[in-house]
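The next block holds one structure in the form of structure tokens; read it before the comments.
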Amino acid sequence: MALRLFGVDFCHSRLFSLSSFQLTVDGFAIDKMATEVKSFFESHPTPAVERTVLQCCENILLNAAWLKRDADDIHQYLMQRKAPPI
């Protein structure tokens, strides 16, 4: 239905921009980054992506919690797997 209402170019550009946004913030793992993303979109309202922004902020907070919980274990694992110097 969206294709009929808005045309292919609109749908492709919108999907691309949502995907780009999700990929951009996907690797964020600091609580402060979620706050900054949320603040940015509160001051630059974009109702069409509101749900996506909230989901991305939630993922940032989940990434941060995971990193806080497992950072020492990850560090130890990577140090054990470290290749010897050449």
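Every chain in the structure tokens has a letter given in the order shown (A, B, ...), and although residue numbers restart at 1 in each chain, ligands are simply numbered from 1 in the order shown.
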Selection: 12 Å around range 57-72 of chain A, only C-alpha atoms, excl. self and same-chain fewer than 5 positions, as an mmCIF file with N, CA, C and O atoms, in the first residue's frame:
```
data_model
loop_
_atom_site.group_PDB
_atom_site.id
_atom_site.type_symbol
_atom_site.label_atom_id
_atom_site.label_comp_id
_atom_site.auth_asym_id
_atom_site.auth_seq_id
_atom_site.Cartn_x
_atom_site.Cartn_y
_atom_site.Cartn_z
ATOM 1 N N PHE A 21 20.314 4.605 10.109
ATOM 2 C CA PHE A 21 20.278 5.055 11.495
ATOM 3 C C PHE A 21 20.519 3.886 12.435
ATOM 4 O O PHE A 21 21.328 3.969 13.355
ATOM 5 N N GLN A 22 19.834 2.769 12.201
ATOM 6 C CA GLN A 22 19.994 1.599 13.062
ATOM 7 C C GLN A 22 21.433 1.089 13.022
ATOM 8 O O GLN A 22 21.997 0.748 14.057
ATOM 9 N N LEU A 23 22.029 1.042 11.841
ATOM 10 C CA LEU A 23 23.412 0.587 11.726
ATOM 11 C C LEU A 23 24.377 1.556 12.394
ATOM 12 O O LEU A 23 25.383 1.149 12.959
ATOM 13 N N THR A 24 24.062 2.843 12.341
ATOM 14 C CA THR A 24 24.937 3.849 12.925
ATOM 15 C C THR A 24 25.020 3.714 14.436
ATOM 16 O O THR A 24 26.095 3.812 15.011
ATOM 17 N N VAL A 25 23.905 3.482 15.095
ATOM 18 C CA VAL A 25 23.899 3.422 16.559
ATOM 19 C C VAL A 25 24.001 2.010 17.106
ATOM 20 O O VAL A 25 24.079 1.822 18.311
ATOM 21 N N ASP A 26 24.040 1.013 16.244
ATOM 22 C CA ASP A 26 24.037 -0.379 16.681
ATOM 23 C C ASP A 26 25.216 -0.723 17.576
ATOM 24 O O ASP A 26 25.084 -1.508 18.502
ATOM 25 N N GLY A 27 26.370 -0.143 17.326
ATOM 26 C CA GLY A 27 27.554 -0.469 18.103
ATOM 27 C C GLY A 27 27.734 0.370 19.360
ATOM 28 O O GLY A 27 28.694 0.168 20.103
ATOM 29 N N PHE A 28 26.847 1.309 19.618
ATOM 30 C CA PHE A 28 26.964 2.141 20.806
ATOM 31 C C PHE A 28 26.737 1.279 22.053
ATOM 32 O O PHE A 28 25.826 0.468 22.087
ATOM 33 N N ALA A 29 27.573 1.479 23.082
ATOM 34 C CA ALA A 29 27.441 0.668 24.291
ATOM 35 C C ALA A 29 27.717 1.476 25.551
ATOM 36 O O ALA A 29 28.295 0.981 26.500
ATOM 37 N N ILE A 30 27.297 2.731 25.531
ATOM 38 C CA ILE A 30 27.480 3.613 26.689
ATOM 39 C C ILE A 30 26.127 4.254 26.984
ATOM 40 O O ILE A 30 25.475 4.771 26.076
ATOM 41 N N ASP A 31 25.715 4.207 28.252
ATOM 42 C CA ASP A 31 24.417 4.776 28.635
ATOM 43 C C ASP A 31 24.246 6.204 28.136
ATOM 44 O O ASP A 31 23.172 6.590 27.678
ATOM 45 N N LYS A 32 25.322 6.973 28.224
ATOM 46 C CA LYS A 32 25.277 8.387 27.825
ATOM 47 C C LYS A 32 24.884 8.535 26.352
ATOM 48 O O LYS A 32 24.200 9.480 25.982
ATOM 49 N N MET A 33 25.289 7.591 25.515
ATOM 50 C CA MET A 33 24.965 7.675 24.092
ATOM 51 C C MET A 33 23.459 7.533 23.862
ATOM 52 O O MET A 33 22.897 8.208 23.006
ATOM 53 N N ALA A 34 22.807 6.676 24.628
ATOM 54 C CA ALA A 34 21.350 6.529 24.513
ATOM 55 C C ALA A 34 20.668 7.841 24.873
ATOM 56 O O ALA A 34 19.729 8.277 24.198
ATOM 57 N N THR A 35 21.156 8.482 25.918
ATOM 58 C CA THR A 35 20.599 9.767 26.341
ATOM 59 C C THR A 35 20.801 10.823 25.268
ATOM 60 O O THR A 35 19.890 11.608 24.971
ATOM 61 N N GLU A 36 21.981 10.838 24.652
ATOM 62 C CA GLU A 36 22.266 11.816 23.608
ATOM 63 C C GLU A 36 21.394 11.597 22.371
ATOM 64 O O GLU A 36 20.889 12.553 21.787
ATOM 65 N N VAL A 37 21.214 10.340 21.971
ATOM 66 C CA VAL A 37 20.371 10.036 20.806
ATOM 67 C C VAL A 37 18.934 10.465 21.095
ATOM 68 O O VAL A 37 18.293 11.131 20.277
ATOM 69 N N LYS A 38 18.437 10.121 22.279
ATOM 70 C CA LYS A 38 17.068 10.480 22.650
ATOM 71 C C LYS A 38 16.900 11.995 22.692
ATOM 72 O O LYS A 38 15.919 12.536 22.177
ATOM 73 N N SER A 39 17.847 12.698 23.285
ATOM 74 C CA SER A 39 17.782 14.166 23.367
ATOM 75 C C SER A 39 17.795 14.802 21.990
ATOM 76 O O SER A 39 17.053 15.758 21.731
ATOM 77 N N PHE A 40 18.641 14.267 21.100
ATOM 78 C CA PHE A 40 18.707 14.812 19.754
ATOM 79 C C PHE A 40 17.344 14.725 19.074
ATOM 80 O O PHE A 40 16.867 15.691 18.493
ATOM 81 N N PHE A 41 16.706 13.547 19.151
ATOM 82 C CA PHE A 41 15.436 13.377 18.458
ATOM 83 C C PHE A 41 14.279 14.070 19.178
ATOM 84 O O PHE A 41 13.267 14.365 18.560
ATOM 85 N N GLU A 50 9.906 7.536 15.382
ATOM 86 C CA GLU A 50 9.896 7.553 16.844
ATOM 87 C C GLU A 50 10.107 6.164 17.446
ATOM 88 O O GLU A 50 10.919 5.985 18.356
ATOM 89 N N ARG A 51 9.404 5.173 16.926
ATOM 90 C CA ARG A 51 9.539 3.813 17.460
ATOM 91 C C ARG A 51 10.956 3.283 17.233
ATOM 92 O O ARG A 51 11.550 2.664 18.118
ATOM 93 N N THR A 52 11.514 3.544 16.061
ATOM 94 C CA THR A 52 12.870 3.088 15.754
ATOM 95 C C THR A 52 13.877 3.718 16.697
ATOM 96 O O THR A 52 14.791 3.051 17.183
ATOM 97 N N TYR A 77 39.307 -13.416 27.873
ATOM 98 C CA TYR A 77 39.200 -14.293 26.706
ATOM 99 C C TYR A 77 40.074 -13.797 25.566
ATOM 100 O O TYR A 77 40.822 -14.571 24.956
ATOM 101 N N LEU A 78 39.997 -12.506 25.280
ATOM 102 C CA LEU A 78 40.783 -11.951 24.184
ATOM 103 C C LEU A 78 42.283 -12.019 24.474
ATOM 104 O O LEU A 78 43.084 -12.262 23.563
ATOM 105 N N MET A 79 42.668 -11.832 25.715
ATOM 106 C CA MET A 79 44.085 -11.923 26.070
ATOM 107 C C MET A 79 44.589 -13.351 25.900
ATOM 108 O O MET A 79 45.732 -13.562 25.486
#
```
Distance of CA of Asp73 in chain A from CA of Pro85 in chain A, expressed in Å to one decimal place: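 Computing it gives 22.6 Å between the two atoms.
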